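These notes concern the structure reproduced below.
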Amino acid sequence: MDQYSFAVSAEDAGERLDKYISFLLPDSSRTYLQKVVKDGLVLVNGRPAKPSLRLAEEDRIEITLPEPVLLTVEPENIPLDILYEDENVLVVNKPKGMVVHPAAGHPDHTLVNAVMAHCGDSLSSINGVLRPGIVHRIDMDTTGSVIVCKNDRAHRMIAEQLREHSITRIYYAVVHGVIGQDELTVEGNIGRDPKDRKKMCVVGDGEGKHAVTHVKVLERFRGYTYVACRLETGRTHQIRVHLAWNNHPILGDPLYGRPAEDARDGFKALRGQCLHAGVLGFVHPSTGAYIETTAPLPEYFTNILDRLRIQNAL
């Protein structure tokens, strides 16, 4: 079983218990966490609590997540936005809110379920039954390009390109604050946050893993900047961590951002970070040709840009 312990800060006092732990454990669905609370696996100051409990400063939250049940992954007829496909690889444009592979709280309706229905038995087996064809992932509320491998040879070759950092990956984001430089490079090792094991953070030299993000300003607004981020390395939550560390967290990021400020600025309806995996380029595992795909910005993202442009013009 996984166990977590948190102390409620003054800033979070008054928050509902179920909402609070959903921010602490963003990889688990709110429905799943509500069930965990109702099953008595979340203690507040040593006692089981209701999901609707309003928290007080310095309350001690203890969470025990049960061992995951062995899952049987079934194909599901979920439409896919296909950017590229041949007999070796498939590149899809993942929508917001979709988890890449089954996990606790997300046993189905994942990208894997959809890909299994589309590809049948033509998927690599290297990452096991829960992750057939999956060589990399993006967060549930990050939209955009994901490459899926249809056989083990393709999987090994794409994985090697990921290890060598030779795959082109460009993400688009809207961040808080106005970035002065037209281009900048954020470099800082990334490791687990010692105060919160669900988060990553920039750590000192000799710790964590080397991480480099190249940032290019595309458009400036009042209080916000639209940027393109090219990954030189690919660490967990790299762009989210690097931008927050640089004092420009991504709009709507519940883990590293400013959700309260987002609500005050009228972005309350935004679900998760405003981050999109736009460009994915790789050397084809069979032909050796360079393949590059572009996932168009989703509607929620273009709506935000339109709104910021209108505000800028006032």
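Chain labels A, B, ... are given in the sequence in which chains occur in the structure tokens; within each chain residues are numbered consecutively from 1, and ligands are likewise numbered from 1 in the order shown.
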message = as a ChimeraX atom specification, please: every residue in region 181-292 of chain A that DSSP puts in strand (DSSP E).
response = /A:183-187,190-193,196-202,212-220,224-231,275-283,290-292
When DSSP is applied to the backbone of this structure, which of region 28-149 of chain A are assigned helix (DSSP H, G or I)? Write them out as a PDB file with all heavy atoms, in the first residue's frame.
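Contents of the output file selection_29.pdb:
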ATOM      1  N   ARG A  30     -10.807  12.127  -8.957  1.00  0.00           N
ATOM      2  CA  ARG A  30     -11.512  12.603  -7.763  1.00  0.00           C
ATOM      3  C   ARG A  30     -12.527  11.563  -7.289  1.00  0.00           C
ATOM      4  O   ARG A  30     -12.717  11.365  -6.087  1.00  0.00           O
ATOM      5  CB  ARG A  30     -12.206  13.927  -8.069  1.00  0.00           C
ATOM      6  CG  ARG A  30     -12.749  14.615  -6.819  1.00  0.00           C
ATOM      7  CD  ARG A  30     -13.125  16.045  -7.104  1.00  0.00           C
ATOM      8  NE  ARG A  30     -13.638  16.690  -5.911  1.00  0.00           N
ATOM      9  CZ  ARG A  30     -14.020  17.959  -5.859  1.00  0.00           C
ATOM     10  NH1 ARG A  30     -13.918  18.718  -6.936  1.00  0.00           N
ATOM     11  NH2 ARG A  30     -14.500  18.478  -4.744  1.00  0.00           N
ATOM     12  N   THR A  31     -13.165  10.850  -8.233  1.00  0.00           N
ATOM     13  CA  THR A  31     -14.122   9.807  -7.867  1.00  0.00           C
ATOM     14  C   THR A  31     -13.445   8.702  -7.078  1.00  0.00           C
ATOM     15  O   THR A  31     -13.971   8.226  -6.053  1.00  0.00           O
ATOM     16  CB  THR A  31     -14.780   9.223  -9.140  1.00  0.00           C
ATOM     17  OG1 THR A  31     -15.448  10.266  -9.839  1.00  0.00           O
ATOM     18  CG2 THR A  31     -15.781   8.133  -8.782  1.00  0.00           C
ATOM     19  N   TYR A  32     -12.269   8.288  -7.535  1.00  0.00           N
ATOM     20  CA  TYR A  32     -11.513   7.250  -6.827  1.00  0.00           C
ATOM     21  C   TYR A  32     -11.126   7.709  -5.427  1.00  0.00           C
ATOM     22  O   TYR A  32     -11.279   6.964  -4.444  1.00  0.00           O
ATOM     23  CB  TYR A  32     -10.263   6.891  -7.637  1.00  0.00           C
ATOM     24  CG  TYR A  32      -9.278   6.007  -6.906  1.00  0.00           C
ATOM     25  CD1 TYR A  32      -9.558   4.665  -6.679  1.00  0.00           C
ATOM     26  CD2 TYR A  32      -8.062   6.514  -6.449  1.00  0.00           C
ATOM     27  CE1 TYR A  32      -8.656   3.846  -6.013  1.00  0.00           C
ATOM     28  CE2 TYR A  32      -7.152   5.713  -5.790  1.00  0.00           C
ATOM     29  CZ  TYR A  32      -7.451   4.371  -5.575  1.00  0.00           C
ATOM     30  OH  TYR A  32      -6.556   3.567  -4.909  1.00  0.00           O
ATOM     31  N   LEU A  33     -10.664   8.956  -5.312  1.00  0.00           N
ATOM     32  CA  LEU A  33     -10.246   9.458  -4.001  1.00  0.00           C
ATOM     33  C   LEU A  33     -11.434   9.626  -3.056  1.00  0.00           C
ATOM     34  O   LEU A  33     -11.300   9.416  -1.846  1.00  0.00           O
ATOM     35  CB  LEU A  33      -9.498  10.784  -4.166  1.00  0.00           C
ATOM     36  CG  LEU A  33      -8.139  10.670  -4.863  1.00  0.00           C
ATOM     37  CD1 LEU A  33      -7.540  12.056  -5.097  1.00  0.00           C
ATOM     38  CD2 LEU A  33      -7.177   9.813  -4.052  1.00  0.00           C
ATOM     39  N   GLN A  34     -12.600  10.002  -3.591  1.00  0.00           N
ATOM     40  CA  GLN A  34     -13.790  10.078  -2.746  1.00  0.00           C
ATOM     41  C   GLN A  34     -14.131   8.707  -2.174  1.00  0.00           C
ATOM     42  O   GLN A  34     -14.532   8.587  -1.006  1.00  0.00           O
ATOM     43  CB  GLN A  34     -14.964  10.633  -3.552  1.00  0.00           C
ATOM     44  CG  GLN A  34     -14.887  12.135  -3.792  1.00  0.00           C
ATOM     45  CD  GLN A  34     -16.008  12.648  -4.665  1.00  0.00           C
ATOM     46  OE1 GLN A  34     -16.524  11.920  -5.517  1.00  0.00           O
ATOM     47  NE2 GLN A  34     -16.396  13.904  -4.474  1.00  0.00           N
ATOM     48  N   LYS A  35     -13.960   7.669  -2.997  1.00  0.00           N
ATOM     49  CA  LYS A  35     -14.207   6.306  -2.517  1.00  0.00           C
ATOM     50  C   LYS A  35     -13.201   5.933  -1.440  1.00  0.00           C
ATOM     51  O   LYS A  35     -13.557   5.289  -0.430  1.00  0.00           O
ATOM     52  CB  LYS A  35     -14.133   5.312  -3.673  1.00  0.00           C
ATOM     53  CG  LYS A  35     -14.452   3.875  -3.259  1.00  0.00           C
ATOM     54  CD  LYS A  35     -14.378   2.925  -4.429  1.00  0.00           C
ATOM     55  CE  LYS A  35     -14.823   1.532  -4.029  1.00  0.00           C
ATOM     56  NZ  LYS A  35     -14.068   0.952  -2.902  1.00  0.00           N
ATOM     57  N   VAL A  36     -11.937   6.323  -1.632  1.00  0.00           N
ATOM     58  CA  VAL A  36     -10.912   6.045  -0.628  1.00  0.00           C
ATOM     59  C   VAL A  36     -11.285   6.699   0.708  1.00  0.00           C
ATOM     60  O   VAL A  36     -11.149   6.097   1.776  1.00  0.00           O
ATOM     61  CB  VAL A  36      -9.535   6.545  -1.115  1.00  0.00           C
ATOM     62  CG1 VAL A  36      -8.510   6.494   0.014  1.00  0.00           C
ATOM     63  CG2 VAL A  36      -9.050   5.699  -2.292  1.00  0.00           C
ATOM     64  N   VAL A  37     -11.800   7.943   0.634  1.00  0.00           N
ATOM     65  CA  VAL A  37     -12.231   8.641   1.855  1.00  0.00           C
ATOM     66  C   VAL A  37     -13.390   7.898   2.495  1.00  0.00           C
ATOM     67  O   VAL A  37     -13.393   7.643   3.720  1.00  0.00           O
ATOM     68  CB  VAL A  37     -12.634  10.101   1.534  1.00  0.00           C
ATOM     69  CG1 VAL A  37     -13.197  10.771   2.791  1.00  0.00           C
ATOM     70  CG2 VAL A  37     -11.443  10.890   1.017  1.00  0.00           C
ATOM     71  N   LYS A  38     -14.406   7.536   1.690  1.00  0.00           N
ATOM     72  CA  LYS A  38     -15.579   6.853   2.232  1.00  0.00           C
ATOM     73  C   LYS A  38     -15.244   5.485   2.815  1.00  0.00           C
ATOM     74  O   LYS A  38     -15.933   4.989   3.722  1.00  0.00           O
ATOM     75  CB  LYS A  38     -16.642   6.722   1.134  1.00  0.00           C
ATOM     76  CG  LYS A  38     -17.261   8.052   0.733  1.00  0.00           C
ATOM     77  CD  LYS A  38     -18.245   7.890  -0.415  1.00  0.00           C
ATOM     78  CE  LYS A  38     -18.848   9.236  -0.808  1.00  0.00           C
ATOM     79  NZ  LYS A  38     -19.758   9.116  -1.969  1.00  0.00           N
ATOM     80  N   LEU A 111      -6.017   5.906 -23.136  1.00  0.00           N
ATOM     81  CA  LEU A 111      -5.494   5.843 -24.497  1.00  0.00           C
ATOM     82  C   LEU A 111      -5.174   4.399 -24.887  1.00  0.00           C
ATOM     83  O   LEU A 111      -5.404   3.983 -26.029  1.00  0.00           O
ATOM     84  CB  LEU A 111      -4.246   6.723 -24.613  1.00  0.00           C
ATOM     85  CG  LEU A 111      -3.583   6.767 -25.996  1.00  0.00           C
ATOM     86  CD1 LEU A 111      -4.523   7.359 -27.040  1.00  0.00           C
ATOM     87  CD2 LEU A 111      -2.284   7.574 -25.941  1.00  0.00           C
ATOM     88  N   VAL A 112      -4.659   3.621 -23.952  1.00  0.00           N
ATOM     89  CA  VAL A 112      -4.343   2.217 -24.236  1.00  0.00           C
ATOM     90  C   VAL A 112      -5.600   1.457 -24.650  1.00  0.00           C
ATOM     91  O   VAL A 112      -5.577   0.680 -25.615  1.00  0.00           O
ATOM     92  CB  VAL A 112      -3.668   1.550 -23.018  1.00  0.00           C
ATOM     93  CG1 VAL A 112      -3.733   0.031 -23.124  1.00  0.00           C
ATOM     94  CG2 VAL A 112      -2.219   1.984 -22.909  1.00  0.00           C
ATOM     95  N   ASN A 113      -6.711   1.655 -23.942  1.00  0.00           N
ATOM     96  CA  ASN A 113      -7.956   0.975 -24.313  1.00  0.00           C
ATOM     97  C   ASN A 113      -8.364   1.320 -25.747  1.00  0.00           C
ATOM     98  O   ASN A 113      -8.785   0.458 -26.523  1.00  0.00           O
ATOM     99  CB  ASN A 113      -9.087   1.363 -23.362  1.00  0.00           C
ATOM    100  CG  ASN A 113      -8.848   0.924 -21.926  1.00  0.00           C
ATOM    101  OD1 ASN A 113      -8.505   1.738 -21.079  1.00  0.00           O
ATOM    102  ND2 ASN A 113      -9.025  -0.355 -21.668  1.00  0.00           N
ATOM    103  N   ALA A 114      -8.220   2.619 -26.089  1.00  0.00           N
ATOM    104  CA  ALA A 114      -8.583   3.064 -27.431  1.00  0.00           C
ATOM    105  C   ALA A 114      -7.638   2.493 -28.484  1.00  0.00           C
ATOM    106  O   ALA A 114      -8.072   2.045 -29.558  1.00  0.00           O
ATOM    107  CB  ALA A 114      -8.577   4.591 -27.486  1.00  0.00           C
ATOM    108  N   VAL A 115      -6.342   2.487 -28.198  1.00  0.00           N
ATOM    109  CA  VAL A 115      -5.342   1.996 -29.143  1.00  0.00           C
ATOM    110  C   VAL A 115      -5.505   0.495 -29.368  1.00  0.00           C
ATOM    111  O   VAL A 115      -5.334  -0.009 -30.491  1.00  0.00           O
ATOM    112  CB  VAL A 115      -3.926   2.350 -28.634  1.00  0.00           C
ATOM    113  CG1 VAL A 115      -2.871   1.560 -29.395  1.00  0.00           C
ATOM    114  CG2 VAL A 115      -3.670   3.843 -28.777  1.00  0.00           C
ATOM    115  N   MET A 116      -5.833  -0.242 -28.305  1.00  0.00           N
ATOM    116  CA  MET A 116      -6.036  -1.687 -28.453  1.00  0.00           C
ATOM    117  C   MET A 116      -7.187  -1.989 -29.411  1.00  0.00           C
ATOM    118  O   MET A 116      -7.117  -2.926 -30.210  1.00  0.00           O
ATOM    119  CB  MET A 116      -6.288  -2.316 -27.087  1.00  0.00           C
ATOM    120  CG  MET A 116      -5.047  -2.387 -26.205  1.00  0.00           C
ATOM    121  SD  MET A 116      -5.392  -3.084 -24.567  1.00  0.00           S
ATOM    122  CE  MET A 116      -5.819  -4.773 -24.995  1.00  0.00           C
ATOM    123  N   ALA A 117      -8.253  -1.192 -29.334  1.00  0.00           N
ATOM    124  CA  ALA A 117      -9.374  -1.397 -30.237  1.00  0.00           C
ATOM    125  C   ALA A 117      -8.982  -1.052 -31.672  1.00  0.00           C
ATOM    126  O   ALA A 117      -9.427  -1.710 -32.622  1.00  0.00           O
ATOM    127  CB  ALA A 117     -10.561  -0.547 -29.789  1.00  0.00           C
ATOM    128  N   HIS A 118      -8.145  -0.050 -31.824  1.00  0.00           N
ATOM    129  CA  HIS A 118      -7.740   0.390 -33.166  1.00  0.00           C
ATOM    130  C   HIS A 118      -6.716  -0.549 -33.806  1.00  0.00           C
ATOM    131  O   HIS A 118      -6.799  -0.859 -34.992  1.00  0.00           O
ATOM    132  CB  HIS A 118      -7.164   1.798 -33.085  1.00  0.00           C
ATOM    133  CG  HIS A 118      -6.691   2.344 -34.397  1.00  0.00           C
ATOM    134  ND1 HIS A 118      -7.562   2.826 -35.359  1.00  0.00           N
ATOM    135  CD2 HIS A 118      -5.433   2.470 -34.926  1.00  0.00           C
ATOM    136  CE1 HIS A 118      -6.873   3.230 -36.407  1.00  0.00           C
ATOM    137  NE2 HIS A 118      -5.582   3.018 -36.178  1.00  0.00           N
ATOM    138  N   CYS A 119      -5.756  -1.013 -32.996  1.00  0.00           N
ATOM    139  CA  CYS A 119      -4.623  -1.777 -33.546  1.00  0.00           C
ATOM    140  C   CYS A 119      -4.764  -3.284 -33.398  1.00  0.00           C
ATOM    141  O   CYS A 119      -4.006  -4.040 -34.019  1.00  0.00           O
ATOM    142  CB  CYS A 119      -3.322  -1.344 -32.867  1.00  0.00           C
ATOM    143  SG  CYS A 119      -2.872   0.369 -33.147  1.00  0.00           S
TER     144      CYS A 119
END
Contacts of Val99 (chain A) at 8 Å (only C-alpha atoms; same-chain gap of 3+ positions) as an mmCIF file with N, CA, C and O atoms, in the first residue's frame:
data_model
loop_
_atom_site.group_PDB
_atom_site.id
_atom_site.type_symbol
_atom_site.label_atom_id
_atom_site.label_comp_id
_atom_site.auth_asym_id
_atom_site.auth_seq_id
_atom_site.Cartn_x
_atom_site.Cartn_y
_atom_site.Cartn_z
ATOM 1 N N PRO A 102 -3.851 2.454 -18.100
ATOM 2 C CA PRO A 102 -4.611 2.156 -16.887
ATOM 3 C C PRO A 102 -3.743 2.239 -15.630
ATOM 4 O O PRO A 102 -2.568 1.886 -15.632
ATOM 5 N N HIS A 106 -8.045 4.823 -12.603
ATOM 6 C CA HIS A 106 -8.294 4.966 -14.041
ATOM 7 C C HIS A 106 -8.152 3.589 -14.705
ATOM 8 O O HIS A 106 -7.237 3.362 -15.493
ATOM 9 N N HIS A 109 -11.129 3.521 -20.165
ATOM 10 C CA HIS A 109 -11.293 4.781 -20.912
ATOM 11 C C HIS A 109 -9.958 5.498 -21.108
ATOM 12 O O HIS A 109 -9.905 6.727 -21.176
ATOM 13 N N THR A 110 -8.877 4.746 -21.192
ATOM 14 C CA THR A 110 -7.545 5.320 -21.369
ATOM 15 C C THR A 110 -7.149 5.260 -22.842
ATOM 16 O O THR A 110 -7.813 4.625 -23.677
ATOM 17 N N LEU A 111 -6.017 5.906 -23.136
ATOM 18 C CA LEU A 111 -5.494 5.843 -24.497
ATOM 19 C C LEU A 111 -5.174 4.399 -24.887
ATOM 20 O O LEU A 111 -5.404 3.983 -26.029
ATOM 21 N N ASP A 139 0.939 13.896 -19.297
ATOM 22 C CA ASP A 139 0.020 13.946 -18.173
ATOM 23 C C ASP A 139 -1.437 13.946 -18.636
ATOM 24 O O ASP A 139 -1.749 14.336 -19.762
ATOM 25 N N MET A 140 -2.316 13.542 -17.739
ATOM 26 C CA MET A 140 -3.741 13.423 -18.044
ATOM 27 C C MET A 140 -4.313 14.716 -18.639
ATOM 28 O O MET A 140 -5.058 14.679 -19.618
#
inquiry  = Need the shell around region 18-20 of chain A: protein/DNA/RNA residues with any atom at most 12 Å away, counting only C-alpha atoms. Skip same-chain ones fewer than 5 positions apart. Format as a VMD selection string?
reply    = chain A and resid 6 to 9 11 to 13 25 to 26 28 to 38 42 to 44 49 to 56 59 61 63 254 to 255
Using N, CA and C atoms, can you export the residues from the last selection as an mmCIF file, in the first residue's frame?
data_model
loop_
_atom_site.group_PDB
_atom_site.id
_atom_site.type_symbol
_atom_site.label_atom_id
_atom_site.label_comp_id
_atom_site.auth_asym_id
_atom_site.auth_seq_id
_atom_site.Cartn_x
_atom_site.Cartn_y
_atom_site.Cartn_z
ATOM 1 N N PHE A 6 0.259 14.633 5.031
ATOM 2 C CA PHE A 6 0.340 16.050 4.712
ATOM 3 C C PHE A 6 -0.162 16.886 5.889
ATOM 4 N N ALA A 7 0.369 18.088 6.011
ATOM 5 C CA ALA A 7 -0.125 19.063 6.979
ATOM 6 C C ALA A 7 -0.789 20.201 6.216
ATOM 7 N N VAL A 8 -1.971 20.608 6.642
ATOM 8 C CA VAL A 8 -2.729 21.645 5.955
ATOM 9 C C VAL A 8 -2.132 23.017 6.281
ATOM 10 N N SER A 9 -1.840 23.785 5.243
ATOM 11 C CA SER A 9 -1.286 25.124 5.413
ATOM 12 C C SER A 9 -2.404 26.129 5.665
ATOM 13 N N GLU A 11 -3.018 28.664 3.904
ATOM 14 C CA GLU A 11 -3.590 28.997 2.599
ATOM 15 C C GLU A 11 -4.711 28.043 2.210
ATOM 16 N N ASP A 12 -4.589 26.771 2.640
ATOM 17 C CA ASP A 12 -5.569 25.757 2.262
ATOM 18 C C ASP A 12 -6.656 25.552 3.305
ATOM 19 N N ALA A 13 -6.587 26.247 4.425
ATOM 20 C CA ALA A 13 -7.616 26.123 5.459
ATOM 21 C C ALA A 13 -8.979 26.493 4.879
ATOM 22 N N LEU A 25 -2.926 14.549 -4.955
ATOM 23 C CA LEU A 25 -2.718 13.310 -5.706
ATOM 24 C C LEU A 25 -3.359 13.436 -7.091
ATOM 25 N N PRO A 26 -2.778 14.256 -7.970
ATOM 26 C CA PRO A 26 -3.422 14.569 -9.252
ATOM 27 C C PRO A 26 -3.502 13.405 -10.222
ATOM 28 N N SER A 28 -4.631 10.499 -9.520
ATOM 29 C CA SER A 28 -5.801 9.695 -9.165
ATOM 30 C C SER A 28 -7.055 10.525 -9.384
ATOM 31 N N SER A 29 -8.104 9.906 -9.889
ATOM 32 C CA SER A 29 -9.328 10.646 -10.169
ATOM 33 C C SER A 29 -10.014 11.052 -8.868
ATOM 34 N N ARG A 30 -10.807 12.127 -8.957
ATOM 35 C CA ARG A 30 -11.512 12.603 -7.763
ATOM 36 C C ARG A 30 -12.527 11.563 -7.289
ATOM 37 N N THR A 31 -13.165 10.850 -8.233
ATOM 38 C CA THR A 31 -14.122 9.807 -7.867
ATOM 39 C C THR A 31 -13.445 8.702 -7.078
ATOM 40 N N TYR A 32 -12.269 8.288 -7.535
ATOM 41 C CA TYR A 32 -11.513 7.250 -6.827
ATOM 42 C C TYR A 32 -11.126 7.709 -5.427
ATOM 43 N N LEU A 33 -10.664 8.956 -5.312
ATOM 44 C CA LEU A 33 -10.246 9.458 -4.001
ATOM 45 C C LEU A 33 -11.434 9.626 -3.056
ATOM 46 N N GLN A 34 -12.600 10.002 -3.591
ATOM 47 C CA GLN A 34 -13.790 10.078 -2.746
ATOM 48 C C GLN A 34 -14.131 8.707 -2.174
ATOM 49 N N LYS A 35 -13.960 7.669 -2.997
ATOM 50 C CA LYS A 35 -14.207 6.306 -2.517
ATOM 51 C C LYS A 35 -13.201 5.933 -1.440
ATOM 52 N N VAL A 36 -11.937 6.323 -1.632
ATOM 53 C CA VAL A 36 -10.912 6.045 -0.628
ATOM 54 C C VAL A 36 -11.285 6.699 0.708
ATOM 55 N N VAL A 37 -11.800 7.943 0.634
ATOM 56 C CA VAL A 37 -12.231 8.641 1.855
ATOM 57 C C VAL A 37 -13.390 7.898 2.495
ATOM 58 N N LYS A 38 -14.406 7.536 1.690
ATOM 59 C CA LYS A 38 -15.579 6.853 2.232
ATOM 60 C C LYS A 38 -15.244 5.485 2.815
ATOM 61 N N VAL A 42 -8.682 7.619 4.611
ATOM 62 C CA VAL A 42 -8.122 8.956 4.790
ATOM 63 C C VAL A 42 -8.449 9.419 6.202
ATOM 64 N N LEU A 43 -7.408 9.697 6.979
ATOM 65 C CA LEU A 43 -7.580 10.130 8.363
ATOM 66 C C LEU A 43 -7.236 11.602 8.495
ATOM 67 N N VAL A 44 -8.049 12.325 9.245
ATOM 68 C CA VAL A 44 -7.758 13.714 9.590
ATOM 69 C C VAL A 44 -7.543 13.763 11.090
ATOM 70 N N ALA A 49 -12.702 10.674 8.118
ATOM 71 C CA ALA A 49 -13.457 11.910 7.899
ATOM 72 C C ALA A 49 -14.322 11.778 6.654
ATOM 73 N N LYS A 50 -15.339 12.651 6.546
ATOM 74 C CA LYS A 50 -16.201 12.690 5.377
ATOM 75 C C LYS A 50 -15.539 13.507 4.264
ATOM 76 N N PRO A 51 -15.880 13.203 2.999
ATOM 77 C CA PRO A 51 -15.289 13.968 1.886
ATOM 78 C C PRO A 51 -15.561 15.459 1.966
ATOM 79 N N SER A 52 -16.698 15.842 2.581
ATOM 80 C CA SER A 52 -17.095 17.247 2.634
ATOM 81 C C SER A 52 -16.493 18.025 3.797
ATOM 82 N N LEU A 53 -15.666 17.357 4.617
ATOM 83 C CA LEU A 53 -15.077 18.024 5.781
ATOM 84 C C LEU A 53 -14.280 19.259 5.369
ATOM 85 N N ARG A 54 -14.503 20.388 6.049
ATOM 86 C CA ARG A 54 -13.722 21.600 5.820
ATOM 87 C C ARG A 54 -12.482 21.547 6.701
ATOM 88 N N LEU A 55 -11.327 21.705 6.085
ATOM 89 C CA LEU A 55 -10.062 21.533 6.789
ATOM 90 C C LEU A 55 -9.652 22.792 7.540
ATOM 91 N N ALA A 56 -8.890 22.594 8.594
ATOM 92 C CA ALA A 56 -8.346 23.701 9.380
ATOM 93 C C ALA A 56 -6.828 23.689 9.281
ATOM 94 N N ASP A 59 -4.172 20.799 10.312
ATOM 95 C CA ASP A 59 -4.751 19.454 10.315
ATOM 96 C C ASP A 59 -3.756 18.492 9.674
ATOM 97 N N ILE A 61 -3.268 15.185 7.562
ATOM 98 C CA ILE A 61 -3.973 14.284 6.653
ATOM 99 C C ILE A 61 -3.103 13.057 6.408
ATOM 100 N N ILE A 63 -3.154 9.444 4.271
ATOM 101 C CA ILE A 63 -3.851 8.752 3.190
ATOM 102 C C ILE A 63 -3.194 7.402 2.954
ATOM 103 N N PRO A 254 -2.566 22.713 -11.355
ATOM 104 C CA PRO A 254 -2.991 22.541 -9.966
ATOM 105 C C PRO A 254 -1.866 22.114 -9.035
ATOM 106 N N LEU A 255 -0.780 21.610 -9.601
ATOM 107 C CA LEU A 255 0.298 21.078 -8.780
ATOM 108 C C LEU A 255 1.432 22.072 -8.584
#
task = Determine the nearest neighbour of Glu183 (chain A) from the options A:Leu218, A:Met157, A:Met200, A:Leu308, counting only C-alpha atoms.
result =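 Smallest distance to Glu183 (chain A) is found for A:Leu218.
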Please build the interface table for region 209-236 of chain A against region 280-303 of chain A with a cut-off of 12 Å, listing for each qualifying residue the nearest atom pair and the distance in Å to one decimal; count only C-alpha atoms, order rows by chain and increasing number, and write it as a Markdown table.
| residue | atom | partner | partner_atom | distance |
| --- | --- | --- | --- | --- |
| A:Tyr226 | CA | A:Phe301 | CA | 10.4 |
| A:Arg230 | CA | A:Leu280 | CA | 10.3 |
| A:Leu231 | CA | A:Leu280 | CA | 10.6 |
task = Check the smallest atom-to-atom distance from each of A:Asp121, A:Arg222, A:Gly204, A:Gly278 to Arg307 (chain A) using only C-alpha atoms, then report the winner.
result =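 Of A:Asp121, A:Arg222, A:Gly204, A:Gly278, the one nearest Arg307 (chain A) is A:Arg222, counting only C-alpha atoms.
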inquiry  = Can you pull out the residues contacting Lys195 (chain A)? Cut-off 12 Å, using only C-alpha atoms, and skip same-chain residues under 2 positions away; I want them as a PyMOL selection string.
reply    = chain A and resi 4-7+24+191-193+197-201
Export of prior selection with N, CA, C and O atoms as a PDB file, in the first residue's frame:
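Final output, part25.pdb:
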ATOM      1  N   TYR A   4       0.641   8.323   2.457  1.00  0.00           N
ATOM      2  CA  TYR A   4       1.049   9.726   2.343  1.00  0.00           C
ATOM      3  C   TYR A   4       0.595  10.468   3.587  1.00  0.00           C
ATOM      4  O   TYR A   4      -0.419  10.133   4.202  1.00  0.00           O
ATOM      5  N   SER A   5       1.362  11.499   3.946  1.00  0.00           N
ATOM      6  CA  SER A   5       1.019  12.323   5.098  1.00  0.00           C
ATOM      7  C   SER A   5       1.250  13.787   4.746  1.00  0.00           C
ATOM      8  O   SER A   5       2.295  14.144   4.186  1.00  0.00           O
ATOM      9  N   PHE A   6       0.259  14.633   5.031  1.00  0.00           N
ATOM     10  CA  PHE A   6       0.340  16.050   4.712  1.00  0.00           C
ATOM     11  C   PHE A   6      -0.162  16.886   5.889  1.00  0.00           C
ATOM     12  O   PHE A   6      -1.035  16.443   6.646  1.00  0.00           O
ATOM     13  N   ALA A   7       0.369  18.088   6.011  1.00  0.00           N
ATOM     14  CA  ALA A   7      -0.125  19.063   6.979  1.00  0.00           C
ATOM     15  C   ALA A   7      -0.789  20.201   6.216  1.00  0.00           C
ATOM     16  O   ALA A   7      -0.235  20.707   5.237  1.00  0.00           O
ATOM     17  N   LEU A  24      -3.483  17.130  -4.105  1.00  0.00           N
ATOM     18  CA  LEU A  24      -2.265  16.472  -3.625  1.00  0.00           C
ATOM     19  C   LEU A  24      -1.914  15.251  -4.462  1.00  0.00           C
ATOM     20  O   LEU A  24      -0.736  14.933  -4.641  1.00  0.00           O
ATOM     21  N   GLY A 191      14.325  16.278  -9.475  1.00  0.00           N
ATOM     22  CA  GLY A 191      14.176  15.099  -8.625  1.00  0.00           C
ATOM     23  C   GLY A 191      12.890  15.196  -7.838  1.00  0.00           C
ATOM     24  O   GLY A 191      12.131  16.159  -7.961  1.00  0.00           O
ATOM     25  N   ARG A 192      12.640  14.216  -6.996  1.00  0.00           N
ATOM     26  CA  ARG A 192      11.447  14.214  -6.159  1.00  0.00           C
ATOM     27  C   ARG A 192      11.513  15.337  -5.132  1.00  0.00           C
ATOM     28  O   ARG A 192      12.566  15.620  -4.558  1.00  0.00           O
ATOM     29  N   ASP A 193      10.366  15.968  -4.906  1.00  0.00           N
ATOM     30  CA  ASP A 193      10.267  16.996  -3.880  1.00  0.00           C
ATOM     31  C   ASP A 193      10.312  16.311  -2.512  1.00  0.00           C
ATOM     32  O   ASP A 193       9.453  15.475  -2.216  1.00  0.00           O
ATOM     33  N   ARG A 197       6.070  13.816  -2.059  1.00  0.00           N
ATOM     34  CA  ARG A 197       6.565  12.799  -2.968  1.00  0.00           C
ATOM     35  C   ARG A 197       5.768  12.701  -4.268  1.00  0.00           C
ATOM     36  O   ARG A 197       6.192  12.037  -5.201  1.00  0.00           O
ATOM     37  N   LYS A 198       4.614  13.379  -4.341  1.00  0.00           N
ATOM     38  CA  LYS A 198       3.852  13.387  -5.581  1.00  0.00           C
ATOM     39  C   LYS A 198       4.341  14.459  -6.546  1.00  0.00           C
ATOM     40  O   LYS A 198       3.916  14.514  -7.693  1.00  0.00           O
ATOM     41  N   LYS A 199       5.227  15.330  -6.059  1.00  0.00           N
ATOM     42  CA  LYS A 199       5.705  16.432  -6.886  1.00  0.00           C
ATOM     43  C   LYS A 199       7.187  16.250  -7.226  1.00  0.00           C
ATOM     44  O   LYS A 199       7.914  15.554  -6.527  1.00  0.00           O
ATOM     45  N   MET A 200       7.594  16.895  -8.301  1.00  0.00           N
ATOM     46  CA  MET A 200       8.996  16.985  -8.646  1.00  0.00           C
ATOM     47  C   MET A 200       9.458  18.403  -8.349  1.00  0.00           C
ATOM     48  O   MET A 200       8.650  19.323  -8.192  1.00  0.00           O
ATOM     49  N   CYS A 201      10.768  18.606  -8.279  1.00  0.00           N
ATOM     50  CA  CYS A 201      11.301  19.944  -8.039  1.00  0.00           C
ATOM     51  C   CYS A 201      12.721  20.030  -8.584  1.00  0.00           C
ATOM     52  O   CYS A 201      13.342  19.007  -8.902  1.00  0.00           O
TER      53      CYS A 201
END
message = Using only C-alpha atoms, can you tell me which of A:Ser122, A:Gln161, A:Gln181, A:Asn312 comes closest to Gly223 (chain A)?
response =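 Looking at the shortest contact to Gly223 (chain A), the residue is A:Asn312.
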